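File shown: run-v2.tsv. Contents: TSV, C-alpha atoms.
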```tsv
chain	number	residue	atom	x	y	z
W	1	PRO	CA	115.42	82.81	97.11
W	2	PRO	CA	114.76	86.45	97.96
W	3	ILE	CA	112.40	88.16	95.55
W	4	ALA	CA	113.87	91.06	93.60
W	5	ASN	CA	112.08	94.39	93.75
W	6	GLN	CA	112.02	94.89	89.98
W	7	ALA	CA	111.11	91.36	88.92
W	8	MET	CA	108.60	89.76	91.22
W	9	LYS	CA	108.50	86.07	90.34
W	10	VAL	CA	106.64	84.00	92.89
W	11	TYR	CA	104.96	80.97	91.53
W	12	SER	CA	101.99	79.10	92.91
W	13	PHE	CA	99.30	81.24	94.50
W	14	PRO	CA	95.84	79.67	94.57
W	15	PHE	CA	93.64	82.19	96.32
W	16	LEU	CA	90.25	82.24	97.88
W	17	LEU	CA	87.55	84.68	96.78
W	18	ALA	CA	84.64	84.42	99.19
W	19	ALA	CA	82.80	86.89	101.35
W	20	THR	CA	79.67	85.25	102.67
W	21	ALA	CA	78.47	81.74	103.32
W	22	GLU	CA	76.08	82.11	100.40
W	23	SER	CA	78.85	83.10	97.97
W	24	VAL	CA	80.98	80.18	99.14
W	25	ARG	CA	78.23	77.73	98.23
W	26	VAL	CA	77.81	79.34	94.83
W	27	LEU	CA	81.52	79.52	94.09
W	28	ARG	CA	82.06	75.87	94.89
W	29	GLY	CA	79.42	74.85	92.39
W	30	GLY	CA	81.47	73.23	89.63
W	31	PRO	CA	84.02	73.61	86.82
W	32	SER	CA	82.58	76.96	85.70
W	33	SER	CA	82.55	78.51	89.18
W	34	LYS	CA	84.69	81.55	89.95
W	35	PHE	CA	86.65	79.52	92.51
W	36	THR	CA	87.76	76.97	89.94
W	37	MET	CA	88.31	79.54	87.21
W	38	HIS	CA	90.65	81.59	89.37
W	39	ASP	CA	92.49	78.47	90.48
W	40	TYR	CA	93.02	77.48	86.85
W	41	LEU	CA	94.22	80.98	85.99
W	42	PHE	CA	96.91	80.79	88.64
W	43	ASN	CA	97.86	77.22	87.73
W	44	ASP	CA	98.39	78.36	84.14
W	45	GLY	CA	101.00	80.80	85.38
W	46	VAL	CA	103.05	78.21	87.23
W	47	LEU	CA	106.31	77.74	85.32
W	48	THR	CA	108.69	74.82	85.12
W	49	ASP	CA	112.23	74.22	83.89
W	50	ASP	CA	111.09	72.84	80.54
W	51	ASP	CA	108.38	75.44	79.90
W	52	THR	CA	109.17	76.90	76.49
W	53	ASN	CA	106.13	79.09	75.91
W	54	ASN	CA	106.25	82.88	75.84
W	55	ASN	CA	105.44	83.08	79.53
W	56	ASN	CA	108.84	81.63	80.33
W	57	LYS	CA	111.00	83.44	77.80
W	58	ASP	CA	113.20	84.74	80.63
W	59	GLY	CA	113.91	81.24	81.91
W	60	ILE	CA	111.93	81.71	85.10
W	61	LYS	CA	111.82	78.58	87.24
W	62	GLY	CA	108.85	77.63	89.36
W	63	ARG	CA	106.88	74.57	90.31
W	64	LYS	CA	103.73	72.79	89.28
W	65	LEU	CA	101.09	71.86	91.81
W	66	ASP	CA	101.43	68.20	92.69
W	67	SER	CA	98.65	65.67	92.30
W	68	GLU	CA	97.48	66.18	95.87
W	69	HIS	CA	96.45	69.78	95.08
W	70	GLN	CA	92.84	69.75	93.94
W	71	PRO	CA	91.22	72.81	92.38
W	72	ILE	CA	89.80	74.88	95.21
W	73	GLY	CA	86.24	74.46	93.93
W	74	TYR	CA	86.41	70.70	94.51
W	75	ARG	CA	87.98	70.62	97.95
W	76	LYS	CA	85.71	69.41	100.74
W	77	TYR	CA	85.41	71.15	104.09
W	78	GLU	CA	83.61	70.08	107.23
W	79	LEU	CA	82.57	72.33	110.07
W	80	LYS	CA	84.17	71.09	113.31
W	81	GLU	CA	83.51	73.82	115.84
W	82	VAL	CA	82.42	77.43	116.19
W	83	ILE	CA	84.18	79.72	118.68
W	84	GLU	CA	82.74	83.19	119.21
W	85	VAL	CA	85.31	85.97	119.37
W	86	GLU	CA	85.18	89.71	119.99
W	87	GLY	CA	87.10	90.91	116.94
W	88	ARG	CA	85.79	90.95	113.38
W	89	GLN	CA	89.04	91.64	111.51
W	90	GLY	CA	91.42	88.68	111.68
W	91	ILE	CA	92.62	85.48	113.30
W	92	SER	CA	95.95	83.70	113.73
W	93	THR	CA	97.38	80.98	115.94
W	94	ASN	CA	100.59	79.66	117.44
W	95	GLY	CA	99.12	76.19	117.94
W	96	THR	CA	98.21	76.73	121.60
W	97	HIS	CA	96.21	79.98	121.36
W	98	TYR	CA	94.11	81.94	118.91
W	99	PHE	CA	94.97	85.60	118.34
W	100	ASN	CA	92.04	87.72	117.21
W	101	SER	CA	91.88	91.32	115.99
W	102	GLY	CA	89.10	93.85	115.94
W	103	SER	CA	89.40	97.21	114.22
W	104	THR	CA	90.76	98.74	117.43
W	105	ALA	CA	91.64	95.82	119.71
W	106	LEU	CA	93.58	92.56	120.11
W	107	TYR	CA	92.38	89.43	121.92
W	108	THR	CA	93.87	86.06	122.89
W	109	TYR	CA	91.85	82.86	123.35
W	110	ASP	CA	92.87	79.38	124.37
W	111	LEU	CA	91.91	76.47	122.12
W	112	GLU	CA	88.68	75.97	124.06
W	113	GLY	CA	87.61	79.54	123.26
W	114	ASN	CA	88.26	81.11	126.66
W	115	LEU	CA	89.42	84.73	126.55
W	116	THR	CA	92.84	84.87	128.21
W	117	ALA	CA	94.14	88.36	127.33
W	118	MET	CA	93.09	91.55	125.61
W	119	ASN	CA	94.49	94.91	124.58
W	120	GLU	CA	91.73	97.39	123.85
W	121	ASN	CA	94.19	100.26	123.42
W	122	PRO	CA	96.69	98.80	120.93
W	123	PHE	CA	97.49	102.19	119.38
W	124	ASP	CA	98.73	103.88	122.57
W	125	ASP	CA	102.40	102.99	122.05
W	126	VAL	CA	102.43	103.50	118.27
W	127	GLU	CA	104.34	106.60	117.25
W	128	LYS	CA	102.29	107.61	114.17
W	129	SER	CA	98.55	108.24	114.45
W	130	VAL	CA	96.45	105.22	113.45
W	131	ASN	CA	92.80	104.22	113.81
W	132	HIS	CA	92.50	100.83	112.11
W	133	LEU	CA	93.81	97.32	112.67
W	134	GLY	CA	93.24	94.61	110.05
W	135	ASP	CA	93.90	90.88	109.66
W	136	ILE	CA	96.94	89.60	111.57
W	137	GLY	CA	99.70	86.98	111.50
W	138	TYR	CA	101.90	85.21	114.04
W	139	TYR	CA	105.62	84.37	114.01
W	140	ASN	CA	108.15	83.48	116.70
W	141	GLY	CA	106.35	84.86	119.73
W	142	GLU	CA	105.03	88.02	118.09
W	143	ILE	CA	101.76	89.04	116.46
W	144	TYR	CA	102.27	90.87	113.16
W	145	THR	CA	99.69	93.56	112.41
W	146	GLY	CA	99.11	96.17	109.74
W	147	LEU	CA	98.09	99.52	111.22
W	148	GLU	CA	96.97	102.67	109.42
W	149	TRP	CA	94.88	105.79	109.64
W	150	PHE	CA	91.98	104.82	107.38
W	151	GLU	CA	89.98	107.66	105.86
W	152	ASP	CA	88.13	108.26	102.58
W	153	GLY	CA	88.87	104.80	101.24
W	154	ARG	CA	92.62	104.76	101.74
W	155	GLY	CA	95.22	104.38	104.45
W	156	TYR	CA	97.75	106.84	105.86
W	157	ASN	CA	100.67	106.22	108.23
W	158	ILE	CA	100.73	102.55	107.17
W	159	GLN	CA	103.09	100.43	109.29
W	160	ILE	CA	103.73	96.88	110.43
W	161	VAL	CA	103.47	96.80	114.22
W	162	LEU	CA	104.53	93.75	116.23
W	163	TYR	CA	102.98	92.80	119.58
W	164	ASP	CA	104.23	90.34	122.17
W	165	SER	CA	101.95	87.30	121.93
W	166	GLU	CA	101.74	86.91	125.72
W	167	THR	CA	101.34	90.49	126.91
W	168	LEU	CA	99.87	92.00	123.70
W	169	ASP	CA	102.23	94.97	124.19
W	170	VAL	CA	103.99	96.66	121.27
W	171	THR	CA	107.50	95.28	120.69
W	172	ARG	CA	108.64	97.05	117.51
W	173	THR	CA	107.47	98.77	114.33
W	174	PHE	CA	108.43	98.36	110.67
W	175	PRO	CA	107.96	101.48	108.52
W	176	TRP	CA	105.93	101.42	105.31
W	177	ASP	CA	107.68	102.14	102.00
W	178	SER	CA	105.60	104.98	100.58
W	179	ASP	CA	107.19	104.54	97.14
W	180	SER	CA	105.86	100.97	96.83
W	181	GLY	CA	102.49	102.10	95.50
W	182	GLN	CA	100.55	100.61	98.42
W	183	VAL	CA	97.78	102.92	99.66
W	184	GLU	CA	96.05	100.71	102.25
W	185	CYS	CA	96.75	97.71	104.49
W	186	SER	CA	93.90	95.29	105.13
W	187	ALA	CA	95.89	92.20	106.20
W	188	VAL	CA	99.31	90.72	106.87
W	189	THR	CA	100.74	87.21	107.03
W	190	VAL	CA	104.18	85.72	107.60
W	191	ASP	CA	105.78	83.62	104.85
W	192	THR	CA	108.11	81.39	106.85
W	193	ASP	CA	109.62	79.81	103.71
W	194	HIS	CA	111.10	83.07	102.47
W	195	GLY	CA	111.24	85.11	105.68
W	196	LEU	CA	108.72	87.68	104.47
W	197	VAL	CA	105.74	89.60	105.78
W	198	TRP	CA	103.09	90.01	103.07
W	199	MET	CA	100.61	92.93	103.13
W	200	THR	CA	97.39	93.31	101.15
W	201	ASP	CA	95.76	96.51	99.90
W	202	TRP	CA	91.96	96.78	100.15
W	203	SER	CA	91.80	99.87	97.94
W	204	ASN	CA	93.84	98.39	95.09
W	205	GLY	CA	94.26	94.62	94.90
W	206	ASN	CA	96.65	94.57	91.93
W	207	TYR	CA	99.65	93.90	94.16
W	208	ILE	CA	100.63	92.44	97.49
W	209	TYR	CA	103.71	93.83	99.22
W	210	SER	CA	106.52	92.09	101.08
W	211	TYR	CA	108.87	93.09	103.89
W	212	ASN	CA	111.69	91.24	105.62
W	213	VAL	CA	110.29	89.43	108.66
W	214	ILE	CA	113.33	90.24	110.85
W	215	ASP	CA	114.36	93.83	110.11
W	216	GLY	CA	111.27	95.11	108.29
W	217	SER	CA	113.10	96.24	105.15
W	218	TYR	CA	110.96	96.52	102.03
W	219	ASN	CA	111.47	93.57	99.70
W	220	GLY	CA	109.16	94.12	96.74
W	221	LYS	CA	105.67	93.56	95.40
W	222	LEU	CA	103.88	90.78	93.54
W	223	HIS	CA	101.44	91.49	90.71
W	224	LEU	CA	98.25	89.42	91.08
W	225	ARG	CA	96.48	88.27	87.91
W	226	ALA	CA	93.50	87.93	88.01
W	227	THR	CA	93.04	90.77	90.50
W	228	PRO	CA	91.00	90.08	93.66
W	229	GLU	CA	88.76	93.00	94.59
W	230	MET	CA	88.60	94.46	98.10
W	231	THR	CA	91.09	92.06	99.65
W	232	GLN	CA	90.44	91.57	103.35
W	233	GLY	CA	92.62	88.69	104.51
W	234	ILE	CA	95.78	86.78	103.66
W	235	ALA	CA	97.33	83.58	105.02
W	236	PHE	CA	100.44	81.53	104.22
W	237	TYR	CA	100.23	77.75	104.37
W	238	LYS	CA	102.59	75.08	103.00
W	239	GLY	CA	104.16	77.28	100.33
W	240	ASP	CA	101.00	79.02	99.15
W	241	LEU	CA	99.29	82.31	99.88
W	242	TYR	CA	95.52	82.39	100.34
W	243	ILE	CA	93.71	85.70	99.88
W	244	THR	CA	90.13	86.50	100.84
W	245	ALA	CA	88.06	89.32	99.40
W	246	ASP	CA	84.74	90.85	100.41
W	247	ASP	CA	81.71	91.90	98.39
W	248	GLY	CA	81.51	95.45	99.68
W	249	ASP	CA	78.96	94.77	102.42
```
What's the structure tokens form of this structure?
Amino acid sequence: PPIANQAMKVYSFPFLLAATAESVRVLRGGPSSKFTMHDYLFNDGVLTDDDTNNNNKDGIKGRKLDSEHQPIGYRKYELKEVIEVEGRQGISTNGTHYFNSGSTALYTYDLEGNLTAMNENPFDDVEKSVNHLGDIGYYNGEIYTGLEWFEDGRGYNIQIVLYDSETLDVTRTFPWDSDSGQVECSAVTVDTDHGLVWMTDWSNGNYIYSYNVIDGSYNGKLHLRATPEMTQGIAFYKGDLYITADDGD
């Protein structure tokens, strides 16, 4: 169901805290690793119909992770392929192409890694002045981006700007709700289950912010506990949101 602005109640959000290959190896070390600890913290907050503890005094309904969900620290990953790309900010896909963002550019690659399109002036058709493009998402033929004028550790003129996935031209813009408390936009993703665009805030990771995927209306914000620091990326996959954070370097 839609998430109310005053009572954000979204349930299972395992998230990823890793910045470098070295930190990934450390964080996957075992039951006491930060990966596993954060996964347990979020699992503890997942509520069910018969949950009678104080966390569920309002009768909030949620879901428990099924048996196929392993703690993140114990999941196994295998490197399949490396594709070099121009942008260092974000990546998304529609299944036939990769969409890649740099701080001031957009690129498209086929699945073999060949560059097929680029827009190195993505701000030209944006009404408000911006100088930074972060992590991106894809939905229904459009690339969803979070643009801003980034200066002195915070963002100004924050907005969700959509680009045609074939031409990389601007199609429409969703305005930022300045009363939401968000002061920066480092990443966006599309939650296809609830029809939402989620935005992260690099300057203050206490909340992530949601907008309607069709008309861009502000929907509300979700309080993250524990709080990831310096959030840089977000992705939606099979009902869960995955958030990445950097170490400041």
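Between atom CA of W:Met199 and atom CA of W:Ala187 the interatomic distance comes to 5.7 Å.
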Checklist entry - Pick the closest to W:Tyr209 from W:Leu162, W:Val126, W:Ala226, W:Val188: which is it, counting only C-alpha atoms? => result W:Val188
Item to check | Distance of atom CA of W:Gly220 from atom CA of W:Ser129, expressed in Å to one decimal place | outcome: 25.0 Å
Checklist entry - Closest to W:Asp169 among W:Glu229, W:Glu142, W:Glu84, W:Asp110, using all atoms listed in the file? => result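 The closest residue to W:Asp169 is W:Glu142.
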Item to check | Counting only C-alpha atoms, the option among W:Gly216, W:Gly155, W:Gly205, W:Pro122 closest to W:Thr231 | outcome: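 Counting only C-alpha atoms, the residue closest to W:Thr231 is W:Gly205.
With distances taken over all atoms listed in the file, W:Val197 is the one residue among W:Leu224, W:Cys185, W:Val161, W:Val197 lying closest to W:Ser210.
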Checklist entry - Of the residues W:Gly181, W:Met230, W:Trp176, W:Phe236, which is the one nearest to W:Tyr211, using only C-alpha atoms? => result W:Trp176
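Near W:Lys128, within 12 Å and counting all atoms listed in the file, sit Phe123, Asp124, Asp125, Asn131, Leu147, Glu148, Trp149, Tyr156, Asn157, Ile158, Gln159, Ile160, Val161, Thr173, Phe174, Pro175 and Trp176 of chain W; same-chain residues fewer than 3 positions away were not included.
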Next on the checklist: Just the number, please: distance in Å from atom CA of W:Gly134 to atom CA of W:Ser217, one decimal.
Outcome noted: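 Computed distance, atom CA of W:Gly134 to atom CA of W:Ser217, equals 20.5 Å.
For the residues W:Thr167, W:Thr145, W:Thr244, W:Ser178, ranking by smallest atom-to-atom distance to W:Val213 using all atoms listed in the file places W:Thr145 first.
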Next on the checklist: Using only C-alpha atoms, which protein or nucleic acid residues come within 8 Å of W:Ser92? Drop anything in the same chain fewer than 6 positions from it, and give the result as a ChimeraX atom specification.
Outcome noted: /W:98-100,136-138
Find the residues near W:Val82: any atom within 12 Å, counting all atoms listed in the file, skip ones fewer than 2 places away on the same chain, and give them as a short mmCIF file (atom, residue, chain, number, x, y, z; two decimals) with C-alpha atoms, keeping the file's coordinate frame.
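Written file, around12.cif:
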```cif
data_model
loop_
_atom_site.label_atom_id
_atom_site.label_comp_id
_atom_site.auth_asym_id
_atom_site.auth_seq_id
_atom_site.Cartn_x
_atom_site.Cartn_y
_atom_site.Cartn_z
CA GLU W 78 83.61 70.08 107.23
CA LEU W 79 82.57 72.33 110.07
CA LYS W 80 84.17 71.09 113.31
CA GLU W 84 82.74 83.19 119.21
CA VAL W 85 85.31 85.97 119.37
CA LEU W 111 91.91 76.47 122.12
CA GLU W 112 88.68 75.97 124.06
CA GLY W 113 87.61 79.54 123.26
#
```
Checklist entry - Residues at most 8 Å from W:Asn206, counting all atoms listed in the file, excluding those fewer than 6 positions away in the same chain, as a list in words? => result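 What passes the distance filter is His223, Leu224, Arg225, Thr227 and Pro228 of chain W.
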Checklist entry - Excluding same-chain residues fewer than 3 positions from W:Leu106, what lies within 9 Å of it counting all atoms listed in the file, as an MDAnalysis selection string? => result chainID W and resid 86:87 99:103 117:122 133 168
